[in-house]
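Student: query.cif (mmCIF, C-alpha atoms) pasted underneath:
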```cif
data_upload
#
loop_
_atom_site.label_atom_id
_atom_site.label_comp_id
_atom_site.auth_asym_id
_atom_site.auth_seq_id
_atom_site.Cartn_x
_atom_site.Cartn_y
_atom_site.Cartn_z
CA MET A 1 -15.71 -10.48 22.16
CA ASP A 2 -12.30 -9.39 23.34
CA ARG A 3 -11.69 -6.96 26.18
CA ASP A 4 -10.38 -4.19 23.93
CA PHE A 5 -13.58 -4.26 21.87
CA LEU A 6 -15.64 -3.84 25.03
CA LEU A 7 -13.33 -1.10 26.31
CA VAL A 8 -13.56 0.78 23.02
CA ARG A 9 -17.33 0.48 23.05
CA LYS A 10 -17.49 1.85 26.60
CA MET A 11 -15.04 4.65 25.78
CA LYS A 12 -17.10 5.65 22.75
CA SER A 13 -20.11 6.01 25.04
CA GLY A 14 -18.10 8.35 27.28
CA ASP A 15 -17.21 5.95 30.10
CA GLU A 16 -14.26 7.65 31.83
CA ALA A 17 -13.45 4.59 33.94
CA ALA A 18 -12.97 2.61 30.72
CA MET A 19 -10.67 5.33 29.40
CA GLU A 20 -8.61 5.23 32.58
CA LEU A 21 -8.39 1.43 32.43
CA PHE A 22 -7.34 1.63 28.78
CA VAL A 23 -4.55 4.12 29.53
CA ARG A 24 -3.32 2.10 32.53
CA LYS A 25 -3.25 -1.03 30.37
CA TYR A 26 -1.28 0.43 27.45
CA TYR A 27 0.63 3.43 28.78
CA PRO A 28 3.75 1.52 29.92
CA ALA A 29 4.26 -0.09 26.50
CA ILE A 30 3.68 3.16 24.61
CA TRP A 31 5.96 5.10 26.94
CA ARG A 32 8.77 2.53 26.49
CA TYR A 33 8.26 2.70 22.73
CA CYS A 34 8.51 6.50 22.74
CA ARG A 35 11.52 6.38 25.05
CA CYS A 36 13.31 4.06 22.65
CA HIS A 37 12.67 6.54 19.87
CA VAL A 38 13.55 9.82 21.57
CA SER A 39 15.75 8.71 24.50
CA ASP A 40 14.72 11.64 26.65
CA TYR A 41 12.45 10.82 29.58
CA ASP A 42 10.39 14.03 29.45
CA TYR A 43 9.89 13.98 25.68
CA ALA A 44 8.97 10.30 25.80
CA GLU A 45 6.36 11.04 28.43
CA ASP A 46 4.95 13.93 26.38
CA LEU A 47 4.79 11.79 23.25
CA ALA A 48 3.11 8.91 25.10
CA GLN A 49 0.50 11.26 26.53
CA GLU A 50 -0.04 12.84 23.12
CA THR A 51 -0.51 9.34 21.66
CA PHE A 52 -3.47 8.73 23.96
CA ALA A 53 -4.83 12.23 23.43
CA HIS A 54 -4.75 11.64 19.67
CA PHE A 55 -6.38 8.22 20.07
CA PHE A 56 -9.20 9.66 22.17
CA ARG A 57 -9.72 12.60 19.78
CA SER A 58 -10.17 10.16 16.89
CA LEU A 59 -12.11 7.57 18.90
CA SER A 60 -15.46 8.27 17.25
CA GLY A 61 -14.07 7.18 13.87
CA TYR A 62 -12.05 4.25 15.23
CA ARG A 63 -13.22 0.80 14.14
CA HIS A 64 -11.94 -2.01 16.32
CA MET A 65 -10.55 -4.68 14.00
CA GLY A 66 -8.36 -6.69 16.33
CA LYS A 67 -5.69 -5.61 18.74
CA THR A 68 -5.57 -1.95 19.72
CA LEU A 69 -1.89 -1.84 20.64
CA PRO A 70 -0.62 -1.83 17.01
CA TRP A 71 -2.83 1.20 16.33
CA LEU A 72 -1.36 2.98 19.35
CA TYR A 73 2.16 2.10 18.13
CA THR A 74 1.27 3.61 14.76
CA ILE A 75 0.12 6.86 16.35
CA ALA A 76 3.18 6.97 18.63
CA GLY A 77 5.46 6.20 15.69
CA ASN A 78 4.04 9.09 13.70
CA LEU A 79 4.47 11.43 16.65
CA CYS A 80 8.06 10.26 17.08
CA LYS A 81 8.73 10.88 13.38
CA ASN A 82 7.42 14.41 13.82
CA PHE A 83 9.76 14.76 16.79
CA TYR A 84 12.71 13.71 14.62
CA GLY A 85 11.67 16.29 12.07
CA GLN A 86 12.27 19.00 14.65
CA ASN A 87 16.01 18.12 14.64
CA ARG A 88 16.21 17.75 18.38
CA GLU A 89 19.53 16.76 19.88
CA ILE A 90 19.50 13.31 21.43
CA VAL A 91 20.00 13.78 25.13
CA ARG A 92 19.75 10.83 27.45
CA ASP A 93 18.80 11.26 31.06
CA PHE A 94 19.73 8.33 33.26
CA THR A 95 17.52 7.13 36.05
CA GLU A 96 17.97 4.76 38.95
CA GLU A 97 16.13 2.19 36.84
CA ASP A 98 18.87 2.46 34.18
CA ALA A 99 21.58 2.07 36.80
CA GLY A 100 20.12 -1.07 38.37
CA GLU A 101 22.41 -2.47 41.04
CA LYS A 102 25.66 -1.39 39.36
CA THR A 103 28.09 0.83 41.19
CA GLY A 104 31.35 2.65 40.52
CA GLU A 105 33.21 1.72 37.37
CA ASN A 106 30.62 -0.94 36.46
CA LEU A 107 27.93 1.74 36.41
CA GLN A 108 30.09 4.06 34.34
CA ASP A 109 30.91 1.28 31.86
CA ALA A 110 27.25 0.28 31.61
CA LEU A 111 26.14 3.87 31.04
CA CYS A 112 28.82 4.44 28.41
CA ARG A 113 27.82 1.25 26.62
CA GLN A 114 24.16 2.26 26.74
CA VAL A 115 24.99 5.66 25.26
CA ASP A 116 27.04 3.96 22.50
CA VAL A 117 24.18 1.61 21.65
CA GLU A 118 21.65 4.45 21.60
CA ARG A 119 23.84 6.60 19.36
CA ALA A 120 24.32 3.69 16.99
CA LEU A 121 20.59 2.98 17.01
CA PHE A 122 19.82 6.58 16.08
CA GLU A 123 22.30 6.41 13.20
CA LEU A 124 20.31 3.61 11.57
CA PRO A 125 17.90 4.48 8.78
CA GLU A 126 14.39 4.93 10.14
CA GLU A 127 12.98 1.70 8.65
CA LEU A 128 15.75 -0.38 10.26
CA ARG A 129 15.55 1.43 13.60
CA GLU A 130 11.78 0.90 13.75
CA VAL A 131 12.11 -2.88 13.34
CA VAL A 132 14.83 -3.06 16.01
CA ILE A 133 12.77 -1.06 18.49
CA LEU A 134 9.61 -3.07 17.91
CA HIS A 135 11.40 -6.42 18.09
CA TYR A 136 13.96 -5.95 20.84
CA PHE A 137 12.54 -3.19 23.01
CA GLN A 138 8.79 -3.81 22.57
CA GLU A 139 9.25 -7.58 22.22
CA LEU A 140 6.86 -7.93 19.30
CA LYS A 141 7.00 -11.01 17.12
CA LEU A 142 8.18 -10.60 13.54
CA ARG A 143 4.69 -11.38 12.20
CA GLU A 144 3.21 -8.69 14.45
CA ILE A 145 5.76 -6.20 13.15
CA ALA A 146 4.96 -7.13 9.56
CA GLY A 147 1.25 -6.59 10.18
CA MET A 148 1.78 -3.35 12.01
CA LEU A 149 4.13 -1.88 9.40
CA ARG A 150 2.07 -3.38 6.56
CA ILE A 151 5.07 -5.06 4.99
CA GLY A 152 5.88 -8.68 4.26
CA LEU A 153 7.52 -10.98 6.81
CA PRO A 154 10.58 -11.50 4.56
CA LEU A 155 11.13 -7.72 4.49
CA VAL A 156 10.92 -7.55 8.30
CA LYS A 157 13.53 -10.32 8.55
CA TYR A 158 15.74 -8.56 6.01
CA ARG A 159 15.52 -5.23 7.85
CA LEU A 160 16.29 -6.87 11.18
CA ARG A 161 19.33 -8.63 9.71
CA ARG A 162 20.56 -5.41 8.06
CA ALA A 163 20.03 -3.49 11.31
CA LYS A 164 22.11 -6.04 13.24
CA GLU A 165 24.89 -5.77 10.66
CA GLU A 166 24.83 -1.97 10.74
CA LEU A 167 24.76 -1.86 14.56
CA ALA A 168 27.69 -4.27 14.77
CA LYS A 169 29.63 -2.11 12.30
CA LEU A 170 28.75 1.13 14.11
CA LEU A 171 29.57 -0.27 17.55
CA GLY A 172 32.74 -1.92 16.29
CA GLU A 173 33.95 1.37 14.81
CA GLU A 174 33.12 3.24 18.02
CA GLU A 175 35.04 0.75 20.15
CA LYS A 176 38.14 1.06 17.90
CA GLY A 177 37.99 4.88 17.92
#
```
Let me see whether you can do it: turn the structure in this file into structure tokens.
Tutor:
Amino acid sequence: MDRDFLLVRKMKSGDEAAMELFVRKYYPAIWRYCRCHVSDYDYAEDLAQETFAHFFRSLSGYRHMGKTLPWLYTIAGNLCKNFYGQNREIVRDFTEEDAGEKTGENLQDALCRQVDVERALFELPEELREVVILHYFQELKLREIAGMLRIGLPLVKYRLRRAKEELAKLLGEEEKG
């Protein structure tokens, strides 16, 4: 038996320590995923927390059939889609983590480039953006993405290629303008 199966079993029986362990294990990945989708630190945190709240509310009907992380990504993805539906303006708050060790003009250039990339990413159609986020920001393998999105591997590869082309075009146009 895998650890997630045992954790789920303990959580279903009301073990709060198991729930805490589960959240500590998966929260960073879900938060990064939400942050890639909404760009705003506070909204990403809210969506990540809501992902776990939703998971725990539906825990009694959850059947463990492998890895739990793809299920959490599915919940988070649906919450992020709902967020998009509210037509929120994309506002990026920069943290010390974003800045790294850059200073002065290097920091400004890096932040401007990051904003350009994020704007371009949000201009992609949803199905292309989702593949980019899962592959590059969540570091999932193409097969994992195919399984999670319930699409064929060739379609994942096609979407990733199209996304790269679109991003290059969007970023190229931004740099010229």
Student: Could you write out as lines of an AutoDock Vina configuration file the box around range 133-149 of chain A (axis-aligned, all atoms listed in the file, 6 Å on each side), with centre and edge lengths in Å to one decimal?
Tutor:
```
center_x = 7.6
center_y = -6.2
center_z = 16.2
size_x = 24.7
size_y = 22.3
size_z = 25.6
```
Student: Quick one: pull the distance between CA of Asp15 in chain A and CA of Leu47 in chain A, Å, one decimal.
Tutor: 23.8 Å
Student: Give the answer as one residue: which of A:Leu69, A:Ile145, A:Leu167, A:Cys112 has the shortest atom-to-atom distance to Val131 in chain A, using all atoms listed in the file?
Tutor: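 Nearest candidate to Val131 in chain A out of A:Leu69, A:Ile145, A:Leu167, A:Cys112: A:Ile145.
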Student: Which residues are close to range 149-151 of chain A, i.e. within 12 Å by all atoms listed in the file, leaving aside same-chain residues fewer than 3 positions away? Reply as number ranges by chain.
Tutor: A: 70-71, 73-75, 77-78, 127-128, 130-131, 134, 140, 142-146, 154-159
Student: For the PyMOL selection byres ((chain A and resi 8) around 12), applied here, can you spell out every residue it catches as a VMD selection string?
Tutor: chain A and resid 1 to 7 9 to 23 55 to 56 58 to 68
Student: Using CA of Leu153 in chain A and CA of Tyr136 in chain A as the two end points, give the distance in Å to one decimal.
Tutor: 16.2 Å
Student: Which one is closest to Phe137 in chain A: A:Cys80, A:Leu121, A:Leu170, A:Leu72? Count only C-alpha atoms.
Tutor: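 Nearest candidate to Phe137 in chain A out of A:Cys80, A:Leu121, A:Leu170, A:Leu72: A:Leu121.
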Student: Quick one: pull the distance between CA of Phe122 in chain A and CA of Gly172 in chain A, Å, one decimal.
Tutor: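 These atoms are spaced 15.5 Å apart.
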Student: Can you pull out the residues contacting Ala44 in chain A? Cut-off 12 Å, using all atoms listed in the file, and skip same-chain residues under 6 positions away; I want them as a list in words.
Tutor: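 So the residues in contact are Tyr27, Pro28, Ala29, Ile30, Trp31, Arg32, Tyr33, Cys34, Arg35, Cys36, His37, Val38, Glu50, Thr51, Ala76, Gly77, Leu79, Cys80, Phe83, Ile90, Val91, Arg92 and Asp93 of chain A.
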Student: Which residue is closest to Asp116 in chain A? Choose from A:Ala53, A:Ala168, A:Tyr41, A:Arg24 and count all atoms listed in the file.
Tutor: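 Of A:Ala53, A:Ala168, A:Tyr41, A:Arg24, the one nearest Asp116 in chain A, counting all atoms listed in the file, is A:Ala168.
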Student: Using only C-alpha atoms, pick whichever of A:Gln114, A:Gln49, A:Asn82, A:Gln138 has the shortest atom-to-atom distance to Leu171 in chain A.
Tutor: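 Answer, going by the shortest atom-to-atom distance: A:Gln114.
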